[in-house]
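Content type mmCIF, C-alpha atoms (C1' of nucleotides), from the file start.cif:
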data_my_file
#
loop_
_atom_site.label_atom_id
_atom_site.label_comp_id
_atom_site.auth_asym_id
_atom_site.auth_seq_id
_atom_site.Cartn_x
_atom_site.Cartn_y
_atom_site.Cartn_z
CA MET A 1 -151.40 -239.83 53.40
CA LYS A 2 -151.65 -236.31 51.99
CA LYS A 3 -149.61 -233.93 49.90
CA VAL A 4 -147.39 -232.44 52.53
CA GLN A 5 -144.31 -231.64 50.55
CA ARG A 6 -145.77 -228.92 48.39
CA LYS A 7 -143.93 -226.05 49.99
CA ALA A 8 -140.91 -227.75 51.49
CA ARG A 9 -139.15 -228.14 48.21
CA ARG A 10 -135.38 -228.21 47.88
CA GLY A 11 -133.36 -228.63 44.72
CA GLY A 12 -129.90 -229.73 43.78
CA VAL A 13 -127.32 -227.29 45.05
CA ALA A 14 -128.35 -226.71 48.63
CA ALA A 15 -126.42 -226.83 51.86
CA GLY A 16 -123.00 -225.64 50.74
CA ALA A 17 -124.08 -223.10 48.12
CA ARG A 18 -121.08 -220.90 47.42
CA ALA A 19 -121.10 -219.66 43.84
CA ARG A 20 -122.92 -216.46 43.04
CA PRO A 21 -126.68 -216.86 42.98
CA GLN A 22 -126.83 -215.97 39.30
CA GLU A 23 -124.46 -218.82 38.50
CA ILE A 24 -126.50 -221.33 40.43
CA LEU A 25 -129.68 -220.23 38.77
CA ARG A 26 -128.11 -220.34 35.35
CA ALA A 27 -126.86 -223.87 35.97
CA HIS A 28 -130.27 -224.94 37.16
CA LEU A 29 -131.94 -223.54 34.08
CA GLU A 30 -129.47 -225.18 31.77
CA LYS A 31 -129.81 -228.50 33.49
CA HIS A 32 -133.57 -228.48 33.00
CA GLY A 33 -133.66 -227.10 29.49
CA LEU A 34 -135.08 -223.81 30.64
CA ARG A 35 -134.26 -220.41 29.22
CA ARG A 36 -132.95 -217.19 30.57
CA SER A 37 -135.02 -214.13 30.08
CA ARG A 38 -134.97 -210.48 30.87
CA VAL A 39 -137.98 -210.82 33.17
CA ARG A 40 -136.56 -213.78 35.04
CA ASP A 41 -133.34 -211.88 35.63
CA ALA A 42 -135.22 -208.85 36.83
CA VAL A 43 -137.16 -210.85 39.38
CA ALA A 44 -134.10 -212.74 40.59
CA ASP A 45 -131.94 -209.63 40.84
CA THR A 46 -134.62 -207.72 42.67
CA PHE A 47 -135.15 -210.62 45.01
CA PHE A 48 -131.49 -210.75 45.96
CA ALA A 49 -131.47 -207.02 46.48
CA THR A 50 -134.16 -207.21 49.15
CA PRO A 51 -133.37 -207.52 52.84
CA GLY A 52 -135.47 -210.67 53.12
CA HIS A 53 -138.83 -212.13 54.12
CA VAL A 54 -140.63 -210.50 51.22
CA SER A 55 -144.08 -211.60 50.27
CA VAL A 56 -144.81 -212.25 46.64
CA GLU A 57 -146.96 -209.16 46.55
CA GLU A 58 -144.17 -207.00 47.92
CA LEU A 59 -141.64 -208.44 45.55
CA THR A 60 -143.96 -207.89 42.62
CA GLY A 61 -144.21 -204.26 43.61
CA ARG A 62 -140.44 -203.89 43.75
CA VAL A 63 -139.93 -205.62 40.44
CA ARG A 64 -142.52 -203.39 38.80
CA ARG A 65 -140.61 -200.30 39.81
CA ARG A 66 -137.96 -201.59 37.46
CA ASP A 67 -140.21 -203.13 34.85
CA PRO A 68 -143.86 -202.15 35.24
CA GLY A 69 -145.36 -204.74 32.94
CA ILE A 70 -144.38 -207.81 34.96
CA GLY A 71 -147.22 -210.06 36.06
CA HIS A 72 -147.53 -211.64 39.46
CA THR A 73 -147.77 -215.06 37.83
CA THR A 74 -144.19 -214.76 36.72
CA VAL A 75 -143.02 -213.68 40.13
CA TYR A 76 -144.62 -216.76 41.64
CA ARG A 77 -143.00 -218.95 39.02
CA THR A 78 -139.58 -217.42 39.39
CA LEU A 79 -139.69 -217.75 43.14
CA ARG A 80 -140.54 -221.39 42.77
CA LEU A 81 -137.54 -221.76 40.49
CA LEU A 82 -135.30 -220.07 43.01
CA ALA A 83 -136.70 -222.28 45.75
CA GLU A 84 -135.99 -225.35 43.65
CA CYS A 85 -132.33 -224.52 43.34
CA GLY A 86 -132.02 -223.63 46.99
CA LEU A 87 -131.68 -219.89 46.49
CA ALA A 88 -134.97 -218.96 48.13
CA GLU A 89 -136.63 -220.38 51.17
CA PRO A 90 -140.38 -220.14 51.67
CA HIS A 91 -141.73 -219.33 55.12
CA ASP A 92 -145.16 -219.05 56.63
CA PHE A 93 -145.12 -216.61 59.51
CA GLY A 94 -148.84 -216.84 60.02
CA ASP A 95 -149.85 -213.61 58.34
CA GLY A 96 -151.64 -215.37 55.53
CA MET A 97 -149.04 -215.33 52.81
CA THR A 98 -145.80 -217.05 52.01
CA ARG A 99 -142.64 -215.02 52.49
CA TYR A 100 -139.35 -215.84 50.82
CA ASP A 101 -135.86 -215.54 52.18
CA PRO A 102 -132.92 -215.12 49.85
CA VAL A 103 -130.31 -217.74 50.70
CA ARG A 104 -126.93 -216.05 50.50
CA GLU A 105 -124.61 -218.16 52.60
CA ALA A 106 -124.44 -221.77 53.64
CA GLY A 107 -125.76 -221.64 57.19
CA HIS A 108 -129.40 -222.30 57.95
CA HIS A 109 -131.05 -219.68 60.06
CA ASP A 110 -134.27 -219.47 62.04
CA HIS A 111 -136.49 -216.58 63.04
CA LEU A 112 -137.75 -214.46 65.88
CA VAL A 113 -141.02 -212.80 64.95
CA CYS A 114 -142.46 -209.87 66.86
CA THR A 115 -146.20 -210.36 67.13
CA ALA A 116 -146.73 -206.65 67.66
CA CYS A 117 -144.75 -204.90 64.92
CA GLY A 118 -144.01 -207.83 62.63
CA THR A 119 -140.25 -207.39 62.81
CA ILE A 120 -138.38 -210.52 61.88
CA VAL A 121 -134.95 -211.22 63.33
CA GLU A 122 -132.76 -214.01 62.07
CA PHE A 123 -130.57 -216.17 64.22
CA GLU A 124 -128.40 -219.24 63.95
CA ASN A 125 -127.85 -221.74 66.70
CA PRO A 126 -125.80 -224.83 66.01
CA GLU A 127 -126.56 -226.32 69.41
CA ILE A 128 -130.27 -226.34 68.67
CA GLU A 129 -129.58 -227.85 65.26
CA GLU A 130 -127.55 -230.56 66.91
CA LEU A 131 -130.35 -231.39 69.34
CA GLN A 132 -132.83 -231.46 66.49
CA GLY A 133 -130.63 -234.00 64.75
CA GLU A 134 -130.67 -236.16 67.85
CA VAL A 135 -134.43 -236.02 68.09
CA ALA A 136 -134.81 -237.01 64.46
CA ARG A 137 -132.34 -239.86 64.85
CA ARG A 138 -134.16 -241.12 67.91
CA HIS A 139 -137.36 -241.30 65.87
CA ARG A 140 -135.56 -242.84 62.89
CA PHE A 141 -136.31 -239.86 60.65
CA VAL A 142 -133.92 -238.50 58.07
CA THR A 143 -134.59 -234.79 58.15
CA GLU A 144 -134.60 -232.83 54.93
CA ASN A 145 -135.59 -229.55 56.37
CA HIS A 146 -136.81 -227.86 59.48
CA LYS A 147 -138.23 -224.65 60.67
CA LEU A 148 -138.12 -222.97 64.00
CA GLU A 149 -139.87 -219.76 64.79
CA LEU A 150 -140.12 -217.94 68.08
CA TYR A 151 -143.03 -215.58 68.39
CA GLY A 152 -143.01 -212.85 70.97
CA ARG A 153 -142.62 -209.16 71.58
CA CYS A 154 -139.44 -207.32 70.80
CA ALA A 155 -137.84 -204.91 73.24
CA ARG A 156 -139.21 -201.87 71.46
CA CYS A 157 -142.78 -203.14 71.44
CA ARG A 158 -142.73 -203.97 75.11
CA GLY A 159 -141.72 -200.37 75.72
CA GLY A 160 -140.55 -200.81 79.32
CA ARG A 161 -143.26 -203.15 80.60
CA PRO A 162 -141.80 -206.38 81.97
CA GLY A 163 -144.00 -209.19 80.56
CA GLY A 164 -144.12 -212.97 80.96
CA SER A 165 -142.41 -215.79 79.15
CA THR A 166 -143.16 -219.14 77.45
CA MET B 1 -145.92 -203.46 60.64
CA LYS B 2 -148.49 -206.03 59.60
CA LYS B 3 -151.06 -208.28 61.19
CA VAL B 4 -148.89 -211.18 62.19
CA GLN B 5 -150.75 -212.41 65.21
CA ARG B 6 -153.84 -213.67 63.43
CA LYS B 7 -153.13 -217.33 63.92
CA ALA B 8 -150.82 -217.36 66.89
CA ARG B 9 -153.48 -216.48 69.40
CA ARG B 10 -153.31 -217.51 73.03
CA GLY B 11 -155.83 -216.78 75.74
CA GLY B 12 -155.98 -216.66 79.50
CA VAL B 13 -155.42 -220.12 80.97
CA ALA B 14 -152.43 -221.35 79.07
CA ALA B 15 -149.17 -222.87 80.17
CA GLY B 16 -150.21 -224.78 83.26
CA ALA B 17 -153.70 -225.87 82.15
CA ARG B 18 -154.80 -228.60 84.52
CA ALA B 19 -158.58 -228.60 84.91
CA ARG B 20 -160.66 -230.62 82.49
CA PRO B 21 -160.99 -228.97 79.10
CA GLN B 22 -164.73 -228.61 79.48
CA GLU B 23 -164.21 -226.61 82.68
CA ILE B 24 -161.75 -224.28 81.05
CA LEU B 25 -164.01 -223.71 78.10
CA ARG B 26 -166.99 -223.08 80.34
CA ALA B 27 -165.01 -220.55 82.35
CA HIS B 28 -163.90 -218.81 79.18
CA LEU B 29 -167.44 -218.58 77.90
CA GLU B 30 -168.75 -217.22 81.18
CA LYS B 31 -165.99 -214.67 81.38
CA HIS B 32 -166.90 -213.31 77.96
CA GLY B 33 -170.64 -213.48 78.28
CA LEU B 34 -170.91 -216.27 75.75
CA ARG B 35 -173.35 -219.16 75.87
CA ARG B 36 -173.08 -222.88 75.91
CA SER B 37 -174.84 -224.76 73.21
CA ARG B 38 -175.40 -228.28 72.09
CA VAL B 39 -173.46 -227.69 68.90
CA ARG B 40 -170.52 -226.09 70.65
CA ASP B 41 -170.30 -229.03 73.02
CA ALA B 42 -170.48 -231.48 70.16
CA VAL B 43 -167.59 -229.81 68.36
CA ALA B 44 -165.47 -229.49 71.49
CA ASP B 45 -166.11 -233.06 72.62
CA THR B 46 -165.38 -234.45 69.20
CA PHE B 47 -162.23 -232.40 68.99
CA PHE B 48 -160.91 -233.76 72.26
CA ALA B 49 -161.74 -237.27 71.15
CA THR B 50 -159.48 -237.02 68.09
CA PRO B 51 -155.87 -238.14 68.14
CA GLY B 52 -154.69 -234.71 66.98
CA HIS B 53 -153.60 -232.60 63.99
CA VAL B 54 -157.07 -232.59 62.49
CA SER B 55 -157.93 -230.17 59.76
CA VAL B 56 -161.16 -228.24 60.03
CA GLU B 57 -162.58 -230.26 57.19
CA GLU B 58 -161.77 -233.53 58.91
CA LEU B 59 -163.19 -232.36 62.19
CA THR B 60 -166.35 -231.18 60.48
CA GLY B 61 -166.75 -234.66 59.04
CA ARG B 62 -166.35 -236.27 62.43
CA VAL B 63 -168.75 -233.88 64.10
CA ARG B 64 -171.33 -234.54 61.42
CA ARG B 65 -171.29 -238.22 62.13
CA ARG B 66 -172.76 -237.23 65.48
CA ASP B 67 -174.89 -234.32 64.34
CA PRO B 68 -175.23 -234.10 60.56
CA GLY B 69 -176.57 -230.59 60.33
CA ILE B 70 -173.53 -228.77 61.66
CA GLY B 71 -171.99 -226.16 59.39
CA HIS B 72 -168.31 -225.70 58.83
CA THR B 73 -168.63 -222.08 59.88
CA THR B 74 -169.41 -223.19 63.39
CA VAL B 75 -166.50 -225.57 63.47
CA TYR B 76 -164.17 -222.74 62.50
CA ARG B 77 -165.66 -220.54 65.18
CA THR B 78 -165.49 -223.16 67.88
CA LEU B 79 -161.90 -223.96 67.09
CA ARG B 80 -161.06 -220.30 67.38
CA LEU B 81 -162.72 -220.27 70.76
CA LEU B 82 -160.73 -223.29 71.87
CA ALA B 83 -157.56 -221.69 70.61
CA GLU B 84 -158.35 -218.53 72.53
CA CYS B 85 -158.54 -220.36 75.82
CA GLY B 86 -155.44 -222.40 75.09
CA LEU B 87 -157.20 -225.70 74.49
CA ALA B 88 -156.34 -225.96 70.83
CA GLU B 89 -153.19 -225.09 69.02
CA PRO B 90 -153.20 -224.21 65.32
CA HIS B 91 -150.44 -225.51 63.10
CA ASP B 92 -149.49 -225.08 59.50
CA PHE B 93 -147.66 -228.12 58.25
CA GLY B 94 -147.50 -226.81 54.73
CA ASP B 95 -150.31 -228.86 53.23
CA GLY B 96 -152.48 -225.84 52.64
CA MET B 97 -154.75 -225.93 55.65
CA THR B 98 -154.55 -225.26 59.32
CA ARG B 99 -154.49 -228.26 61.61
CA TYR B 100 -155.40 -228.12 65.26
CA ASP B 101 -153.89 -229.97 68.18
CA PRO B 102 -155.89 -230.58 71.32
CA VAL B 103 -153.90 -229.38 74.31
CA ARG B 104 -154.34 -231.95 77.06
CA GLU B 105 -151.40 -231.51 79.36
CA ALA B 106 -149.08 -228.73 80.31
CA GLY B 107 -145.99 -229.55 78.25
CA HIS B 108 -145.44 -227.96 74.90
CA HIS B 109 -144.59 -230.34 72.13
CA ASP B 110 -143.15 -230.01 68.66
CA HIS B 111 -143.46 -232.10 65.53
CA LEU B 112 -141.69 -234.39 63.14
CA VAL B 113 -143.48 -234.48 59.80
CA CYS B 114 -142.88 -237.16 57.20
CA THR B 115 -142.88 -235.50 53.80
CA ALA B 116 -143.74 -238.78 52.11
CA CYS B 117 -146.67 -240.23 54.04
CA GLY B 118 -147.70 -237.21 56.08
CA THR B 119 -147.29 -238.94 59.42
CA ILE B 120 -146.86 -236.51 62.27
CA VAL B 121 -144.91 -237.51 65.37
CA GLU B 122 -144.88 -235.38 68.48
CA PHE B 123 -141.89 -234.87 70.69
CA GLU B 124 -140.83 -232.79 73.65
CA ASN B 125 -137.34 -231.58 74.29
CA PRO B 126 -136.68 -229.33 77.26
CA GLU B 127 -133.06 -228.74 76.25
CA ILE B 128 -134.16 -227.21 72.96
CA GLU B 129 -136.74 -225.12 74.78
CA GLU B 130 -134.04 -223.90 77.11
CA LEU B 131 -131.79 -222.89 74.22
CA GLN B 132 -134.69 -221.14 72.54
CA GLY B 133 -135.20 -219.15 75.71
CA GLU B 134 -131.56 -218.10 75.65
CA VAL B 135 -131.80 -216.99 72.04
CA ALA B 136 -134.88 -214.92 72.77
CA ARG B 137 -133.29 -213.36 75.81
CA ARG B 138 -130.18 -212.49 73.85
CA HIS B 139 -132.36 -210.61 71.36
CA ARG B 140 -134.41 -209.01 74.12
CA PHE B 141 -137.60 -210.74 73.02
CA VAL B 142 -140.24 -212.04 75.40
CA THR B 143 -141.51 -215.15 73.69
CA GLU B 144 -145.19 -215.96 73.79
CA ASN B 145 -145.09 -218.94 71.58
CA HIS B 146 -142.90 -220.92 69.28
CA LYS B 147 -143.04 -223.63 66.74
CA LEU B 148 -140.50 -226.14 65.67
CA GLU B 149 -141.08 -228.63 62.92
CA LEU B 150 -138.67 -231.13 61.47
CA TYR B 151 -139.51 -232.33 57.99
CA GLY B 152 -138.08 -235.53 56.66
CA ARG B 153 -138.75 -239.12 55.83
CA CYS B 154 -139.77 -241.64 58.44
CA ALA B 155 -138.16 -245.06 58.69
CA ARG B 156 -141.02 -246.78 56.92
CA CYS B 157 -140.99 -244.40 53.98
CA ARG B 158 -137.28 -244.75 53.46
CA GLY B 159 -137.82 -248.50 53.25
CA GLY B 160 -134.18 -249.50 53.75
CA ARG B 161 -132.43 -246.89 51.66
CA PRO B 162 -129.91 -244.87 53.71
CA GLY B 163 -130.39 -241.21 52.67
CA GLY B 164 -128.77 -237.91 53.66
CA SER B 165 -129.41 -235.48 56.46
CA THR B 166 -129.81 -231.73 57.13
"C1'" DC C 1 -129.87 -214.60 8.91
"C1'" DC C 2 -134.11 -217.34 9.07
"C1'" DA C 3 -137.36 -220.86 10.46
"C1'" DC C 4 -139.14 -223.48 13.88
"C1'" DA C 5 -139.90 -225.81 18.06
"C1'" DT C 6 -140.24 -224.75 22.58
"C1'" DC C 7 -140.27 -222.15 26.44
"C1'" DC C 8 -141.83 -217.78 28.66
"C1'" DT C 9 -145.18 -214.25 29.74
"C1'" DG C 10 -149.17 -212.15 31.65
"C1'" DA C 11 -154.29 -211.25 31.47
"C1'" DT C 12 -157.89 -213.84 32.96
"C1'" DA C 13 -160.28 -217.47 35.12
"C1'" DT C 14 -160.22 -220.80 38.73
"C1'" DT C 15 -159.40 -223.03 43.05
"C1'" DG C 16 -159.89 -223.70 47.89
"C1'" DA C 17 -159.35 -222.39 52.72
"C1'" DA C 18 -161.06 -219.09 55.64
"C1'" DT C 19 -164.15 -215.28 56.79
"C1'" DT C 20 -168.27 -212.31 56.47
"C1'" DT C 21 -173.10 -211.56 56.02
"C1'" DC C 22 -177.58 -212.15 57.44
"C1'" DA C 23 -182.03 -214.21 58.39
"C1'" DT C 24 -183.37 -217.52 61.61
"C1'" DT C 25 -182.99 -220.25 65.81
"C1'" DA C 26 -181.67 -221.13 70.51
"C1'" DG C 27 -179.92 -219.94 75.30
"C1'" DC C 28 -180.79 -217.65 79.45
"C1'" DG C 29 -182.11 -214.05 82.89
"C1'" DC C 30 -186.33 -212.28 84.25
"C1'" DG D 1 -193.48 -217.47 78.48
"C1'" DC D 2 -190.98 -212.70 77.22
"C1'" DG D 3 -187.40 -210.42 75.37
"C1'" DC D 4 -182.71 -209.65 74.70
"C1'" DT D 5 -178.73 -211.28 72.69
"C1'" DA D 6 -175.67 -214.77 71.19
"C1'" DA D 7 -175.32 -218.87 68.12
"C1'" DT D 8 -176.15 -221.16 63.88
"C1'" DG D 9 -175.58 -222.33 59.02
"C1'" DA D 10 -176.46 -221.38 54.05
"C1'" DA D 11 -174.74 -218.46 50.92
"C1'" DA D 12 -171.76 -214.93 49.44
"C1'" DT D 13 -167.22 -213.04 49.76
"C1'" DT D 14 -162.28 -212.61 50.30
"C1'" DC D 15 -157.74 -213.50 49.04
"C1'" DA D 16 -153.44 -216.03 48.15
"C1'" DA D 17 -152.08 -219.21 45.02
"C1'" DT D 18 -152.53 -221.89 40.75
"C1'" DA D 19 -154.17 -223.13 36.07
"C1'" DT D 20 -155.33 -221.83 31.36
"C1'" DC D 21 -154.18 -220.16 27.05
"C1'" DA D 22 -153.12 -217.02 23.24
"C1'" DG D 23 -149.34 -214.39 21.87
"C1'" DG D 24 -144.35 -213.15 22.42
"C1'" DA D 25 -139.50 -214.26 23.25
"C1'" DT D 26 -135.49 -217.38 23.00
"C1'" DG D 27 -132.14 -220.33 21.23
"C1'" DT D 28 -130.85 -223.98 17.84
"C1'" DG D 29 -130.02 -225.96 13.49
"C1'" DG D 30 -129.76 -225.05 9.02
#
Can the structure from this file be put into structure tokens for me?
Amino acid sequence: MKKVQRKARRGGVAAGARARPQEILRAHLEKHGLRRSRVRDAVADTFFATPGHVSVEELTGRVRRRDPGIGHTTVYRTLRLLAECGLAEPHDFGDGMTRYDPVREAGHHDHLVCTACGTIVEFENPEIEELQGEVARRHRFVTENHKLELYGRCARCRGGRPGGST
Amino acid sequence: MKKVQRKARRGGVAAGARARPQEILRAHLEKHGLRRSRVRDAVADTFFATPGHVSVEELTGRVRRRDPGIGHTTVYRTLRLLAECGLAEPHDFGDGMTRYDPVREAGHHDHLVCTACGTIVEFENPEIEELQGEVARRHRFVTENHKLELYGRCARCRGGRPGGST
DNA sequence: CCACATCCTGATATTGAATTTCATTAGCGC
DNA sequence: GCGCTAATGAAATTCAATATCAGGATGTGG
């Protein structure tokens, strides 16, 4: 009906990614006849040195501390590359821009987002994943991807007050 | 840290909404010193007559079939109003625009999205909700909201081929 | 080491959803 | 009706994301 898959891309090496990120990227480049470059490396290295959930703008800033001339266009492109080979995962946490998570280990993780301070906490929960699989199966879907985000207020932001629940 | 709550708004009457939507909206307007208007009613009525997951653009089209002069600005504003009193729920399914779900009954529902044809299927799963609650509690969050979306290919779009899984 | 085809880069322009602005119109208490 | 104030919608604006394109970098074959 529409073009829904734009963001939810996923490339070759995905679920069981083990080799070092640089290796995976290099393989991906080679496979597609793409070239390495100083700039590309700078963006990728910087990306993997961040704690996570960076926006493109933030990452551009970080990269420029190392190499001031780098354009945001290239950062966008490199992040897309990383997303294509499963090394970066795009997220929309509702603040108007896409944030990218570096994918370091195999396990998928989901997020708790504090609506007050913006803190993002990661968690894994195999039981939920299992139930999701059941739901998909029941509806005859083959899932490629999923996202789960819980929005609320973290302990610090509630600062003592009790508060409700979902 | 940032302004994360822009989209994930939620107003007064929320979880157990029972009264007719029009009543809830009217109460919300009165409470905030806002006025009813022909246009507002047209947008709200049209919205509740849609099957769901409409984009603003689509809804504007539908509303204009009833009242051609209506501007998209007003549709945006009215949807925000509806979201504020818990009658509409904004979603980002990754196709570049926000889609709104009319909230008719109490139960929260989540979505299966086909990445091929764009079909959106709703489902409810109390067990998952329960596990989500546990996760939040474990991290000392009080959740206000959550979203869970499973992306994959529906039976029709797979057209026989088997395919993998998450 | 060089030439060349091709990819990469980044300034700039463009897109498109969403919001703001603002002059005008409409709702509502009196 | 009167007057206050909110609502409306055309137009302008914002802003993340993408496209364009001239010039630079890269790697290959000779």
field: Exercise: range 2-8 of chain D partners within 10 Å, all atoms listed in the file, chain neighbours under 3 positions left out, as a ChimeraX atom specification
entry: /B:33-37,39-40,70-71,73-74 /C:24-30
message: Would you compute the distance between CA of Tyr100 in chain B and CA of Leu150 in chain B? Give it in Å to one decimal.
response: 17.4 Å
Can I get the residues of chain C within 9 Å of chain A, each with the closest pair of atoms and their distance in Å to one decimal, using only C-alpha atoms (C1' of nucleotides), sorted chain first then ascending number, as CSV?
residue,atom,partner,partner_atom,distance
C:DC7,C1',A:Arg35,CA,6.8
C:DC8,C1',A:Ser37,CA,7.9
C:DT9,C1',A:Thr74,CA,7.1
C:DG10,C1',A:Gly71,CA,5.3
C:DA11,C1',A:Gly71,CA,8.5
Sphere at (-134.9, -236.8, 69.5), radius 12 Å, counting only C-alpha atoms (C1' of nucleotides): residues as a list in words: Ile128, Glu129, Glu130, Leu131, Gln132, Gly133, Glu134, Val135, Ala136, Arg137, Arg138, His139, Arg140, Phe141, Val142 and Thr143 of chain A; His109, Asp110, His111, Leu112, Val121, Glu122, Phe123, Glu124, Asn125, Pro126, Glu127, Ile128 and Leu150 of chain B
- request: Work out how far CA of His53 in chain B is from CA of Asp101 in chain B, in Å to one decimal.
  value: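 Computing the Euclidean distance for CA of Asp101 in chain B and CA of His53 in chain B yields 5.0 Å.
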message: Using all atoms listed in the file, which protein or nucleic acid residues come within 8 Å of range 11-20 of chain D? Drop anything in the same chain fewer than 3 positions from it, and give the result as a PyMOL selection string.
response: (chain A and resi 96-97) or (chain C and resi 13-15+19-21)
message: Can you measure CA of Ala42 in chain A to CA of Val63 in chain A for me? One decimal in Å is fine.
response: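 Between these atoms lies a distance of 6.8 Å.
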Where does the PyMOL selection byres ((chain D and resi 29) around 10) land in this file, that is, which residues does it pick, as an mmCIF file with C-alpha atoms (C1' of nucleotides), keeping the file's coordinate frame?
data_model
loop_
_atom_site.group_PDB
_atom_site.id
_atom_site.type_symbol
_atom_site.label_atom_id
_atom_site.label_comp_id
_atom_site.auth_asym_id
_atom_site.auth_seq_id
_atom_site.Cartn_x
_atom_site.Cartn_y
_atom_site.Cartn_z
ATOM 1 C "C1'" DA C 3 -137.360 -220.860 10.460
ATOM 2 C "C1'" DC C 4 -139.140 -223.480 13.880
ATOM 3 C "C1'" DG D 27 -132.140 -220.330 21.230
ATOM 4 C "C1'" DT D 28 -130.850 -223.980 17.840
ATOM 5 C "C1'" DG D 30 -129.760 -225.050 9.020
#
- prompt: Applied to the shown file, which residues does the PyMOL selection byres ((chain A and resi 54-58) around 6) return, written as a list in words?
  reply: Gly52, His53, Leu59, Thr60, Gly61, Thr98, Arg99 and Tyr100 of chain A
query: Nearest to Cys114 in chain B among B:Gly94, B:Gly152, B:Gly86, B:Pro102, with distances taken over all atoms listed in the file: which residue is it?
result: B:Gly152
task: Show which residues sit within 9 Å of Leu25 in chain A, as a VMD selection string. Count all atoms listed in the file, and ignore same-chain residues fewer than 3 positions away.
output: chain A and resid 20 to 22 28 to 30 44 81 to 82 85 87
Which residue of B:Leu148, B:Val43, B:Cys157, B:Val75 approaches chain A most closely, using all atoms listed in the file: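 Ranked by minimum distance to chain A, first place goes to B:Leu148.
Closest approach to chain B among A:Asp92, A:Glu23, A:Glu84, A:Glu144 is made by A:Glu144 (distances from only C-alpha atoms).
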